[in-house]
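J.: The structure follows.
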Amino acid sequence: MVSTAHEAMHRIFREDPHLFARVLPRAGIPFPEATSIEPLDTDLTEIRPVERRVDSLFRVHTEGEEGGFLLAVEAQGRPDADKPSSWTYYLAHLYAKYRLPPILLVVCRDKTTAAWAAEPIRIGRRVHTSMVVFPLVLGPGNLPAITDPEEAAGDLALAVLSALAHAKDPGHPAILDALAAALSGVEREQAYSWAEFTETGLGDARARTLWRELLSTYTLRFPGSGTIIEEAILKGREEGREKARAEDILRVLRVRGIEVPDAVRERVGSCGDLDVLGTWLDRAVTVGSADELFVEPAGA
């Protein structure tokens, strides 16, 4: 599972390699009919000393083309002056290593970065250009915004990519709503996997909060009861209440001018029992020291 929003933008193609063949033509980028697409090692490091890794790398096999070609995928969150030289290196090294034509695809989350990434990279002097790199770019300007639940259900990987690529667009809530509705009609483990992938890939806290709320709205429509997503949502709500109760306890002590040792703060913060936390909250109003929170009153 992905751990960052950056990873999600390129790892989604590892989840479904044939997504390339479906999404690139819709973005106006020709893509040959592939017989197979296989991930390759992303390590492009030479013997020493600089480590270089492309985000994701695939070998695409096509009918009637011996060897196929390489597709290097880079997720880019903002313009970076160091990237053009890195991308040029990647392509030159891949061509030397595999003797196959390499293509660079940059996946972006905003139009400014996408426009920057699409600029040709020219290597040489004004009197002579030795090399030109023309990156292909996927971003909110050419990726479809999928707001129809039926369309989203027809291609969940594309719907998730749409949700990630359009995360900064005003119409983003409608895209998330369509995806949540689509996930409510698929097998629960698949739904949970894509829901978690989407949440991690969104990155922005507000978007992730909206996503959780939408999952909660549609959770009763998941087949059966007690599904993985439903359990995860309910667990999240419970943990949220526990955290809020613990913060209330510490706030009351602070307002009353009572010093809170680290050991007390840690014990309160790690408690997962709402009833116990409720008892400690009641005591926080009257105790003379923070340690008294945990002392049972005489005769209890």
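Simple scheme: letters A, B, ... for chains in structure tokens order, numbers from 1 for residues in each chain, numbers from 1 for ligands in the order shown.
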For Arg109 in chain A, list every protein, DNA or RNA residue within 9 Å, evaluated using only C-alpha atoms, and leave out those in the same chain fewer than 5 positions away; present the list as a PyMOL selection string.
T.: chain A and resi 9+75-78+114+138-140+164-168
J.: Using all heavy atoms, can you export the residues from the last selection as a compact mmCIF listing (two decimals), in the first residue's frame?
T.:
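See result12.txt below for the written result:
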# COMPACT_ATOMS: atom_id res chain seq x y z
N MET A 9 0.51 8.66 -7.10
CA MET A 9 0.35 9.13 -8.46
C MET A 9 1.06 8.26 -9.48
O MET A 9 0.72 8.28 -10.66
CB MET A 9 0.84 10.58 -8.58
CG MET A 9 -0.06 11.58 -7.88
SD MET A 9 -1.74 11.62 -8.58
CE MET A 9 -1.44 12.42 -10.15
N ALA A 75 6.09 10.92 -10.90
CA ALA A 75 5.06 11.76 -10.27
C ALA A 75 5.72 13.07 -9.86
O ALA A 75 6.77 13.07 -9.21
CB ALA A 75 4.47 11.05 -9.06
N GLN A 76 5.10 14.18 -10.23
CA GLN A 76 5.71 15.49 -9.96
C GLN A 76 4.70 16.41 -9.30
O GLN A 76 3.64 16.69 -9.86
CB GLN A 76 6.22 16.10 -11.28
CG GLN A 76 7.15 17.27 -11.09
CD GLN A 76 8.46 16.87 -10.42
OE1 GLN A 76 8.92 15.74 -10.56
NE2 GLN A 76 9.06 17.79 -9.68
N GLY A 77 5.02 16.87 -8.08
CA GLY A 77 4.10 17.70 -7.33
C GLY A 77 4.31 19.19 -7.53
O GLY A 77 3.41 19.99 -7.24
N ARG A 78 5.49 19.59 -8.04
CA ARG A 78 5.77 21.01 -8.25
C ARG A 78 6.95 21.12 -9.20
O ARG A 78 7.72 20.16 -9.38
CB ARG A 78 6.12 21.69 -6.93
CG ARG A 78 7.29 21.06 -6.21
CD ARG A 78 7.63 21.75 -4.91
NE ARG A 78 8.67 21.06 -4.18
CZ ARG A 78 9.97 21.14 -4.45
NH1 ARG A 78 10.38 21.89 -5.45
NH2 ARG A 78 10.86 20.47 -3.74
N ALA A 114 1.99 20.72 -14.53
CA ALA A 114 1.85 19.98 -15.78
C ALA A 114 2.41 20.78 -16.96
O ALA A 114 3.10 20.24 -17.83
CB ALA A 114 0.39 19.62 -16.01
N LEU A 138 0.51 13.75 -17.95
CA LEU A 138 -0.88 13.54 -17.54
C LEU A 138 -1.15 14.46 -16.36
O LEU A 138 -0.36 14.51 -15.40
CB LEU A 138 -1.12 12.09 -17.10
CG LEU A 138 -1.28 11.02 -18.18
CD1 LEU A 138 -1.44 9.65 -17.54
CD2 LEU A 138 -2.46 11.33 -19.08
N GLY A 139 -2.25 15.19 -16.42
CA GLY A 139 -2.60 16.09 -15.32
C GLY A 139 -4.05 16.48 -15.41
O GLY A 139 -4.80 15.97 -16.25
N PRO A 140 -4.48 17.40 -14.56
CA PRO A 140 -5.89 17.79 -14.55
C PRO A 140 -6.35 18.42 -15.86
O PRO A 140 -7.55 18.45 -16.13
CB PRO A 140 -5.98 18.79 -13.39
CG PRO A 140 -4.57 19.23 -13.14
CD PRO A 140 -3.71 18.08 -13.51
N LEU A 164 -7.26 11.62 -7.74
CA LEU A 164 -5.95 12.11 -7.29
C LEU A 164 -5.47 13.28 -8.15
O LEU A 164 -4.95 14.26 -7.63
CB LEU A 164 -4.93 10.97 -7.34
CG LEU A 164 -5.24 9.73 -6.50
CD1 LEU A 164 -4.08 8.75 -6.57
CD2 LEU A 164 -5.56 10.09 -5.07
N ALA A 165 -5.66 13.17 -9.46
CA ALA A 165 -5.15 14.22 -10.36
C ALA A 165 -5.93 15.52 -10.23
O ALA A 165 -5.39 16.59 -10.46
CB ALA A 165 -5.20 13.72 -11.80
N HIS A 166 -7.20 15.43 -9.88
CA HIS A 166 -8.04 16.63 -9.78
C HIS A 166 -8.23 17.08 -8.33
O HIS A 166 -9.18 17.80 -8.02
CB HIS A 166 -9.41 16.36 -10.42
CG HIS A 166 -9.36 16.21 -11.91
ND1 HIS A 166 -9.41 17.30 -12.77
CD2 HIS A 166 -9.24 15.12 -12.69
CE1 HIS A 166 -9.35 16.86 -14.02
NE2 HIS A 166 -9.23 15.54 -14.00
N ALA A 167 -7.31 16.67 -7.45
CA ALA A 167 -7.47 16.95 -6.02
C ALA A 167 -7.54 18.44 -5.70
O ALA A 167 -8.10 18.82 -4.67
CB ALA A 167 -6.34 16.29 -5.23
N LYS A 168 -7.00 19.29 -6.57
CA LYS A 168 -6.98 20.73 -6.30
C LYS A 168 -8.05 21.49 -7.09
O LYS A 168 -8.08 22.71 -7.07
CB LYS A 168 -5.60 21.30 -6.61
CG LYS A 168 -4.49 20.71 -5.75
CD LYS A 168 -3.13 21.31 -6.07
CE LYS A 168 -2.03 20.69 -5.21
NZ LYS A 168 -0.69 21.26 -5.49
J.: Need to verify the contact set: Asp248 in chain A, 8 Å, only C-alpha atoms, exclusion of same-chain residues closer than 4 positions in sequence. Can you return it as a VMD selection string?
T.: chain A and resid 244 252 281
J.: Just the selected residues (N, CA, C and O atoms), exported as an mmCIF file, in the first residue's frame, please.
T.:
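Wrote result20.cif, looks like this:
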data_model
loop_
_atom_site.group_PDB
_atom_site.id
_atom_site.type_symbol
_atom_site.label_atom_id
_atom_site.label_comp_id
_atom_site.auth_asym_id
_atom_site.auth_seq_id
_atom_site.Cartn_x
_atom_site.Cartn_y
_atom_site.Cartn_z
ATOM 1 N N ALA A 244 -10.596 13.002 21.462
ATOM 2 C CA ALA A 244 -11.227 14.243 21.911
ATOM 3 C C ALA A 244 -11.421 14.233 23.424
ATOM 4 O O ALA A 244 -11.205 15.246 24.098
ATOM 5 N N VAL A 252 -8.818 20.571 30.817
ATOM 6 C CA VAL A 252 -9.387 20.946 32.117
ATOM 7 C C VAL A 252 -8.272 21.127 33.142
ATOM 8 O O VAL A 252 -8.254 22.107 33.910
ATOM 9 N N LEU A 281 -12.307 12.363 33.263
ATOM 10 C CA LEU A 281 -12.754 13.727 32.960
ATOM 11 C C LEU A 281 -13.536 14.299 34.145
ATOM 12 O O LEU A 281 -13.356 15.465 34.522
#
J.: Give me the residues near range 145-158 of chain A as number ranges by chain, where near means some atom within 6 Å (using only C-alpha atoms) and where sequence neighbours in that chain fewer than 6 positions away do not count.
T.: A: 174-175, 178-179, 181-182
J.: Measure the distance from CA of Glu189 in chain A to CA of Leu143 in chain A in Å and round it to one decimal.
T.: 26.8 Å
J.: List every residue of range 55-255 of chain A that DSSP, applied to the backbone of this structure, assigns to strand (DSSP E or B), and report them as a PyMOL selection string.
T.: chain A and resi 56-62+65-76+102-108+121-125+128-133+136-138
J.: Taking only C-alpha atoms into account, name the residue in A:Phe134, A:Tyr218, A:Phe58, A:Trp211 that is nearest to Thr88 in chain A.
T.: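 The closest residue to Thr88 in chain A is A:Phe134.
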J.: Counting only C-alpha atoms, which of A:Thr35, A:Thr42, A:Ser193, A:Thr198 gets nearest to Phe69 in chain A?
T.: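 Ranked by minimum distance to Phe69 in chain A, first place goes to A:Thr35.
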